[in-house]
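> If it helps, the file is called start-v4.cif and holds mmCIF, C-alpha atoms:
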data_work
loop_
_atom_site.group_PDB
_atom_site.id
_atom_site.type_symbol
_atom_site.label_atom_id
_atom_site.label_comp_id
_atom_site.auth_asym_id
_atom_site.auth_seq_id
_atom_site.Cartn_x
_atom_site.Cartn_y
_atom_site.Cartn_z
ATOM 1 C CA MET A 1373 49.245 -42.512 54.587
ATOM 2 C CA ILE A 1374 48.161 -41.790 50.993
ATOM 3 C CA ASP A 1375 48.124 -38.082 51.768
ATOM 4 C CA SER A 1376 51.602 -38.059 53.303
ATOM 5 C CA ILE A 1377 53.147 -40.116 50.483
ATOM 6 C CA SER A 1378 51.539 -37.846 47.892
ATOM 7 C CA ARG A 1379 52.651 -34.684 49.705
ATOM 8 C CA ASN A 1380 56.237 -35.966 50.073
ATOM 9 C CA ILE A 1381 56.511 -36.818 46.376
ATOM 10 C CA ASN A 1382 54.884 -33.518 45.452
ATOM 11 C CA GLN A 1383 57.328 -31.601 47.672
ATOM 12 C CA ALA A 1384 60.295 -33.468 46.214
ATOM 13 C CA LEU A 1385 59.194 -32.616 42.673
ATOM 14 C CA LEU A 1386 58.702 -28.987 43.656
ATOM 15 C CA THR A 1387 62.105 -28.797 45.386
ATOM 16 C CA ARG A 1388 63.810 -30.167 42.259
ATOM 17 C CA ASN A 1389 61.906 -27.666 40.063
ATOM 18 C CA ILE A 1390 60.225 -30.482 38.149
ATOM 19 C CA ILE A 1391 56.773 -28.976 38.731
ATOM 20 C CA ASP A 1392 55.635 -25.387 39.142
ATOM 21 C CA PHE A 1393 54.269 -24.094 42.417
ATOM 22 C CA ASP A 1394 51.020 -23.143 40.639
ATOM 23 C CA ASP A 1395 50.493 -26.764 39.559
ATOM 24 C CA MET A 1396 51.131 -28.295 42.995
ATOM 25 C CA ASP A 1397 47.460 -28.925 43.791
ATOM 26 C CA ILE A 1398 46.872 -30.671 40.476
ATOM 27 C CA TYR A 1399 49.838 -32.990 40.991
ATOM 28 C CA LEU A 1400 48.862 -33.628 44.605
ATOM 29 C CA TYR A 1401 45.360 -34.656 43.549
ATOM 30 C CA GLY A 1402 46.798 -36.872 40.807
ATOM 31 C CA PHE A 1403 49.174 -38.615 43.204
ATOM 32 C CA GLN A 1404 46.410 -39.121 45.763
ATOM 33 C CA LEU A 1405 44.187 -40.642 43.101
ATOM 34 C CA LEU A 1406 46.999 -42.825 41.766
ATOM 35 C CA PHE A 1407 48.044 -44.197 45.154
ATOM 36 C CA ALA A 1408 44.456 -44.700 46.348
ATOM 37 C CA THR A 1409 43.728 -46.691 43.188
ATOM 38 C CA ILE A 1410 46.897 -48.765 43.525
ATOM 39 C CA PHE A 1411 46.264 -49.539 47.209
ATOM 40 C CA LYS A 1412 42.623 -50.436 46.539
ATOM 41 C CA GLY A 1413 43.635 -52.711 43.662
ATOM 42 C CA ILE A 1414 46.341 -54.453 45.681
ATOM 43 C CA GLY A 1415 43.991 -54.790 48.652
ATOM 44 C CA LEU A 1416 41.229 -56.294 46.509
ATOM 45 C CA ILE A 1417 43.674 -58.719 44.907
ATOM 46 C CA ILE A 1418 45.005 -59.842 48.306
ATOM 47 C CA ILE A 1419 41.476 -60.302 49.687
ATOM 48 C CA GLY A 1420 40.397 -62.137 46.528
ATOM 49 C CA TYR A 1421 43.413 -64.438 46.753
ATOM 50 C CA MET A 1422 42.850 -65.147 50.454
ATOM 51 C CA LEU A 1423 39.192 -66.026 49.857
ATOM 52 C CA GLY A 1424 39.883 -68.095 46.746
ATOM 53 C CA TYR A 1425 38.173 -65.624 44.391
ATOM 54 C CA LEU A 1426 41.220 -64.132 42.668
ATOM 55 C CA THR A 1427 39.929 -64.650 39.114
ATOM 56 C CA GLU A 1428 36.523 -63.216 39.989
ATOM 57 C CA ILE A 1429 38.065 -60.182 41.723
ATOM 58 C CA LEU A 1430 40.297 -59.510 38.703
ATOM 59 C CA ILE A 1431 37.260 -59.650 36.421
ATOM 60 C CA PHE A 1432 35.387 -57.360 38.833
ATOM 61 C CA ILE A 1433 38.276 -54.855 38.875
ATOM 62 C CA GLY A 1434 38.373 -54.805 35.067
ATOM 63 C CA GLY A 1435 34.637 -54.343 34.671
ATOM 64 C CA PHE A 1436 34.207 -51.928 37.556
ATOM 65 C CA SER A 1437 37.146 -49.779 36.474
ATOM 66 C CA THR A 1438 35.749 -49.504 32.970
ATOM 67 C CA LEU A 1439 32.338 -48.487 34.294
ATOM 68 C CA ARG A 1440 33.788 -46.094 36.856
ATOM 69 C CA VAL A 1441 35.728 -44.101 34.244
ATOM 70 C CA SER A 1442 32.558 -42.969 32.525
ATOM 71 C CA ALA A 1443 29.967 -43.296 35.270
ATOM 72 C CA GLY A 1444 31.769 -41.591 38.149
ATOM 73 C CA GLY A 1445 31.022 -42.975 41.554
ATOM 74 C CA TYR A 1446 30.381 -42.521 45.232
ATOM 75 C CA HIS A 1447 33.027 -40.505 47.073
ATOM 76 C CA HIS A 1448 33.676 -41.295 50.707
ATOM 77 C CA LYS A 1449 35.146 -38.832 53.190
ATOM 78 C CA SER A 1450 38.276 -40.905 53.849
ATOM 79 C CA TYR A 1451 40.495 -43.288 51.912
ATOM 80 C CA LEU A 1452 39.824 -46.036 54.439
ATOM 81 C CA GLY A 1453 36.068 -45.580 54.076
ATOM 82 C CA CYS A 1454 36.433 -45.669 50.298
ATOM 83 C CA PHE A 1455 38.476 -48.853 50.523
ATOM 84 C CA ILE A 1456 35.967 -50.532 52.844
ATOM 85 C CA MET A 1457 33.037 -49.589 50.593
ATOM 86 C CA THR A 1458 34.914 -50.861 47.532
ATOM 87 C CA VAL A 1459 35.700 -54.171 49.258
ATOM 88 C CA ILE A 1460 32.072 -54.568 50.366
ATOM 89 C CA PHE A 1461 30.830 -53.788 46.862
ATOM 90 C CA ALA A 1462 33.362 -56.142 45.241
ATOM 91 C CA LEU A 1463 32.656 -59.044 47.593
ATOM 92 C CA THR A 1464 28.904 -58.533 47.313
ATOM 93 C CA SER A 1465 29.192 -58.565 43.536
ATOM 94 C CA VAL A 1466 31.461 -61.607 43.405
ATOM 95 C CA LEU A 1467 29.585 -63.642 46.015
ATOM 96 C CA GLY A 1468 26.215 -62.575 44.599
ATOM 97 C CA GLY A 1469 27.370 -63.676 41.165
ATOM 98 C CA LYS A 1470 28.468 -67.029 42.565
ATOM 99 C CA ILE A 1471 25.133 -67.570 44.304
ATOM 100 C CA ILE A 1472 23.144 -66.622 41.217
ATOM 101 C CA THR A 1473 25.301 -68.819 38.993
ATOM 102 C CA ASN A 1474 25.092 -71.819 41.318
ATOM 103 C CA TYR A 1475 21.510 -71.584 42.560
ATOM 104 C CA GLY A 1476 19.708 -69.086 40.412
ATOM 105 C CA ASP A 1477 18.017 -69.527 37.134
ATOM 106 C CA PHE A 1478 18.082 -67.525 33.952
ATOM 107 C CA TYR A 1479 15.137 -65.291 34.903
ATOM 108 C CA ILE A 1480 16.661 -64.238 38.241
ATOM 109 C CA THR A 1481 19.909 -63.330 36.491
ATOM 110 C CA LEU A 1482 18.016 -61.439 33.784
ATOM 111 C CA GLY A 1483 15.982 -59.585 36.416
ATOM 112 C CA ILE A 1484 19.068 -58.510 38.348
ATOM 113 C CA LEU A 1485 20.757 -57.382 35.131
ATOM 114 C CA PHE A 1486 17.642 -55.384 34.196
ATOM 115 C CA ILE A 1487 17.400 -53.683 37.617
ATOM 116 C CA SER A 1488 21.146 -52.951 37.613
ATOM 117 C CA SER A 1489 20.933 -51.418 34.151
ATOM 118 C CA ILE A 1490 18.066 -49.162 35.220
ATOM 119 C CA LEU A 1491 19.974 -48.021 38.323
ATOM 120 C CA VAL A 1492 23.086 -47.213 36.283
ATOM 121 C CA PHE A 1493 20.961 -45.347 33.741
ATOM 122 C CA ILE A 1494 19.250 -43.294 36.485
ATOM 123 C CA TYR A 1495 22.216 -42.541 38.734
ATOM 124 C CA ALA A 1496 25.255 -42.519 36.432
ATOM 125 C CA PRO A 1497 27.289 -40.564 35.743
ATOM 126 C CA VAL A 1498 27.839 -38.676 38.974
ATOM 127 C CA ASP A 1499 28.542 -34.943 39.002
ATOM 128 C CA THR A 1500 31.143 -34.210 41.681
ATOM 129 C CA ALA A 1501 33.170 -31.232 42.846
ATOM 130 C CA ASN A 1502 36.319 -32.911 41.511
ATOM 131 C CA LYS A 1503 34.782 -33.696 38.142
ATOM 132 C CA PRO A 1504 31.888 -31.309 37.498
ATOM 133 C CA PHE A 1505 29.788 -31.608 34.362
ATOM 134 C CA THR A 1506 30.055 -29.086 31.574
ATOM 135 C CA GLU A 1507 26.864 -27.658 30.075
ATOM 136 C CA THR A 1508 27.177 -30.115 27.182
ATOM 137 C CA GLU A 1509 27.478 -33.042 29.606
ATOM 138 C CA TYR A 1510 24.351 -31.961 31.480
ATOM 139 C CA ILE A 1511 22.467 -32.083 28.194
ATOM 140 C CA ARG A 1512 24.096 -35.324 27.006
ATOM 141 C CA TYR A 1513 23.462 -37.163 30.278
ATOM 142 C CA ARG A 1514 20.004 -35.594 30.688
ATOM 143 C CA LYS A 1515 20.783 -34.631 34.271
ATOM 144 C CA ALA A 1516 19.123 -31.844 36.200
ATOM 145 C CA ARG A 1517 21.552 -29.303 37.584
ATOM 146 C CA ILE A 1518 21.697 -29.563 41.380
ATOM 147 C CA ALA A 1519 22.464 -26.226 42.966
#
As structure tokens - that is how I would like this structure written.


Amino acid sequence: MIDSISRNINQALLTRNIIDFDDMDIYLYGFQLLFATIFKGIGLIIIGYMLGYLTEILIFIGGFSTLRVSAGGYHHKSYLGCFIMTVIFALTSVLGGKIITNYGDFYITLGILFISSILVFIYAPVDTANKPFTETEYIRYRKARIA
């Protein structure tokens, strides 16, 4: 669905000479990214509302989006798979936060924050085919080049 919507809009822009043929792939990728993000956001908001966690989901979306811009992320093979993984991650984060807040103590929360920070430091940002690192970024992020 995301692909067909993006391709239709892209074709319409090309037909009306709004974009150049050489730039078609760039616009297609941008539309796919835009619509995937919009559908994921709307889906998360609907699920959050239905489960009674709308505020928590909105906070998650804000925090996760901010982190994702600089840290990159896991890329699934399909939009549906990406959506499912995002929903699982969001609900795990929100419900885990609720459990820790209600039943945990300060040291459990601090431990989880510490482990999470280490994992982000080790694995983020992610070098992908769509957003490869430059030489400067390899040095800045202290990442080994994977051939």

> Rank A:Leu1452, A:Tyr1399, A:Gly1469, A:Ala1462 by their smallest atom-to-atom distance to Met1373 (chain A), using only C-alpha atoms, and report the top residue only.

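The closest residue to Met1373 (chain A) is A:Leu1452.
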
> Between A:Met1457, A:Leu1405, A:Leu1400, A:Ile1494, which one has atoms that come closest to Leu1386 (chain A), using all atoms listed in the file?

A:Leu1400

> List as a list in words the protein and nucleic acid residues near Ile1414 (chain A), meaning an atom at most 12 Å away when only C-alpha atoms are counted, but skip any in the same chain fewer than 6 places from it.

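The neighbour list is Phe1407, Ala1408, Gly1420, Tyr1421, Leu1426, Ile1429, Leu1430, Ile1433, Phe1455 and Val1459 of chain A.
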
> If I take CA of Ser1489 (chain A) and CA of Arg1512 (chain A), how far is one from the other in Å, to one decimal?

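Distance between the two atoms: 17.9 Å.
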
> Hey, can you pull every residue with an atom no more than 12 Å from (56.3, -32.2, 43.6), using all atoms listed in the file, and send it as a PyMOL selection string?

chain A and resi 1377-1403

> When distances are computed from all atoms listed in the file, which of A:Ile1374, A:Ile1484, A:Ile1410, A:Ile1460 shows the smallest separation from Ile1472 (chain A)?

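Looking at the shortest contact to Ile1472 (chain A), the residue is A:Ile1484.
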
> With only C-alpha atoms as the atoms that count, which of A:Asp1375, A:Phe1486, A:Ile1417, A:Lys1470 lies nearest to Gln1404 (chain A)?

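Closest residue, counting only C-alpha atoms: A:Asp1375.
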
> For region 1386-1406 of chain A, supply N, CA, C and O atoms and report the output as a PDB file, keeping the file's coordinate frame.


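Output file result-v1.pdb follows:
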ATOM      1  N   LEU A1386      58.652 -30.446  43.581  1.00  0.00           N
ATOM      2  CA  LEU A1386      58.702 -28.987  43.656  1.00  0.00           C
ATOM      3  C   LEU A1386      60.105 -28.506  44.006  1.00  0.00           C
ATOM      4  O   LEU A1386      60.623 -27.568  43.400  1.00  0.00           O
ATOM      5  N   THR A1387      60.749 -29.163  44.957  1.00  0.00           N
ATOM      6  CA  THR A1387      62.105 -28.797  45.386  1.00  0.00           C
ATOM      7  C   THR A1387      63.098 -28.931  44.231  1.00  0.00           C
ATOM      8  O   THR A1387      64.000 -28.109  44.097  1.00  0.00           O
ATOM      9  N   ARG A1388      62.902 -29.938  43.399  1.00  0.00           N
ATOM     10  CA  ARG A1388      63.810 -30.167  42.259  1.00  0.00           C
ATOM     11  C   ARG A1388      63.391 -29.380  41.013  1.00  0.00           C
ATOM     12  O   ARG A1388      63.936 -29.615  39.931  1.00  0.00           O
ATOM     13  N   ASN A1389      62.414 -28.501  41.172  1.00  0.00           N
ATOM     14  CA  ASN A1389      61.906 -27.666  40.063  1.00  0.00           C
ATOM     15  C   ASN A1389      61.376 -28.490  38.891  1.00  0.00           C
ATOM     16  O   ASN A1389      61.478 -28.084  37.742  1.00  0.00           O
ATOM     17  N   ILE A1390      60.823 -29.644  39.187  1.00  0.00           N
ATOM     18  CA  ILE A1390      60.225 -30.482  38.149  1.00  0.00           C
ATOM     19  C   ILE A1390      58.799 -30.019  37.868  1.00  0.00           C
ATOM     20  O   ILE A1390      58.330 -30.101  36.736  1.00  0.00           O
ATOM     21  N   ILE A1391      58.120 -29.534  38.907  1.00  0.00           N
ATOM     22  CA  ILE A1391      56.773 -28.976  38.731  1.00  0.00           C
ATOM     23  C   ILE A1391      56.762 -27.545  39.225  1.00  0.00           C
ATOM     24  O   ILE A1391      57.594 -27.134  40.021  1.00  0.00           O
ATOM     25  N   ASP A1392      55.809 -26.769  38.720  1.00  0.00           N
ATOM     26  CA  ASP A1392      55.635 -25.387  39.142  1.00  0.00           C
ATOM     27  C   ASP A1392      54.800 -25.330  40.410  1.00  0.00           C
ATOM     28  O   ASP A1392      53.926 -26.179  40.627  1.00  0.00           O
ATOM     29  N   PHE A1393      55.029 -24.298  41.185  1.00  0.00           N
ATOM     30  CA  PHE A1393      54.269 -24.094  42.417  1.00  0.00           C
ATOM     31  C   PHE A1393      52.769 -23.988  42.123  1.00  0.00           C
ATOM     32  O   PHE A1393      51.943 -24.496  42.871  1.00  0.00           O
ATOM     33  N   ASP A1394      52.431 -23.325  41.003  1.00  0.00           N
ATOM     34  CA  ASP A1394      51.020 -23.143  40.639  1.00  0.00           C
ATOM     35  C   ASP A1394      50.317 -24.456  40.324  1.00  0.00           C
ATOM     36  O   ASP A1394      49.097 -24.547  40.421  1.00  0.00           O
ATOM     37  N   ASP A1395      51.078 -25.471  39.934  1.00  0.00           N
ATOM     38  CA  ASP A1395      50.493 -26.764  39.559  1.00  0.00           C
ATOM     39  C   ASP A1395      50.517 -27.777  40.693  1.00  0.00           C
ATOM     40  O   ASP A1395      50.118 -28.932  40.510  1.00  0.00           O
ATOM     41  N   MET A1396      50.988 -27.363  41.871  1.00  0.00           N
ATOM     42  CA  MET A1396      51.131 -28.295  42.995  1.00  0.00           C
ATOM     43  C   MET A1396      49.835 -29.026  43.344  1.00  0.00           C
ATOM     44  O   MET A1396      49.842 -30.234  43.551  1.00  0.00           O
ATOM     45  N   ASP A1397      48.729 -28.303  43.412  1.00  0.00           N
ATOM     46  CA  ASP A1397      47.460 -28.925  43.791  1.00  0.00           C
ATOM     47  C   ASP A1397      47.020 -29.982  42.781  1.00  0.00           C
ATOM     48  O   ASP A1397      46.472 -31.018  43.159  1.00  0.00           O
ATOM     49  N   ILE A1398      47.255 -29.719  41.521  1.00  0.00           N
ATOM     50  CA  ILE A1398      46.872 -30.671  40.476  1.00  0.00           C
ATOM     51  C   ILE A1398      47.682 -31.959  40.616  1.00  0.00           C
ATOM     52  O   ILE A1398      47.131 -33.061  40.571  1.00  0.00           O
ATOM     53  N   TYR A1399      48.989 -31.814  40.819  1.00  0.00           N
ATOM     54  CA  TYR A1399      49.838 -32.990  40.991  1.00  0.00           C
ATOM     55  C   TYR A1399      49.495 -33.738  42.273  1.00  0.00           C
ATOM     56  O   TYR A1399      49.481 -34.971  42.303  1.00  0.00           O
ATOM     57  N   LEU A1400      49.223 -32.993  43.337  1.00  0.00           N
ATOM     58  CA  LEU A1400      48.862 -33.628  44.605  1.00  0.00           C
ATOM     59  C   LEU A1400      47.608 -34.476  44.431  1.00  0.00           C
ATOM     60  O   LEU A1400      47.557 -35.629  44.852  1.00  0.00           O
ATOM     61  N   TYR A1401      46.594 -33.914  43.793  1.00  0.00           N
ATOM     62  CA  TYR A1401      45.360 -34.656  43.549  1.00  0.00           C
ATOM     63  C   TYR A1401      45.628 -35.891  42.692  1.00  0.00           C
ATOM     64  O   TYR A1401      45.124 -36.981  42.964  1.00  0.00           O
ATOM     65  N   GLY A1402      46.466 -35.737  41.672  1.00  0.00           N
ATOM     66  CA  GLY A1402      46.798 -36.872  40.807  1.00  0.00           C
ATOM     67  C   GLY A1402      47.507 -37.981  41.559  1.00  0.00           C
ATOM     68  O   GLY A1402      47.201 -39.161  41.388  1.00  0.00           O
ATOM     69  N   PHE A1403      48.467 -37.603  42.410  1.00  0.00           N
ATOM     70  CA  PHE A1403      49.174 -38.615  43.204  1.00  0.00           C
ATOM     71  C   PHE A1403      48.239 -39.297  44.190  1.00  0.00           C
ATOM     72  O   PHE A1403      48.309 -40.511  44.380  1.00  0.00           O
ATOM     73  N   GLN A1404      47.366 -38.531  44.826  1.00  0.00           N
ATOM     74  CA  GLN A1404      46.410 -39.121  45.763  1.00  0.00           C
ATOM     75  C   GLN A1404      45.521 -40.132  45.052  1.00  0.00           C
ATOM     76  O   GLN A1404      45.280 -41.235  45.549  1.00  0.00           O
ATOM     77  N   LEU A1405      45.038 -39.756  43.888  1.00  0.00           N
ATOM     78  CA  LEU A1405      44.187 -40.642  43.101  1.00  0.00           C
ATOM     79  C   LEU A1405      44.946 -41.894  42.670  1.00  0.00           C
ATOM     80  O   LEU A1405      44.444 -43.018  42.776  1.00  0.00           O
ATOM     81  N   LEU A1406      46.171 -41.705  42.211  1.00  0.00           N
ATOM     82  CA  LEU A1406      46.999 -42.825  41.766  1.00  0.00           C
ATOM     83  C   LEU A1406      47.256 -43.814  42.898  1.00  0.00           C
ATOM     84  O   LEU A1406      47.025 -45.016  42.754  1.00  0.00           O
TER      85      LEU A1406
END
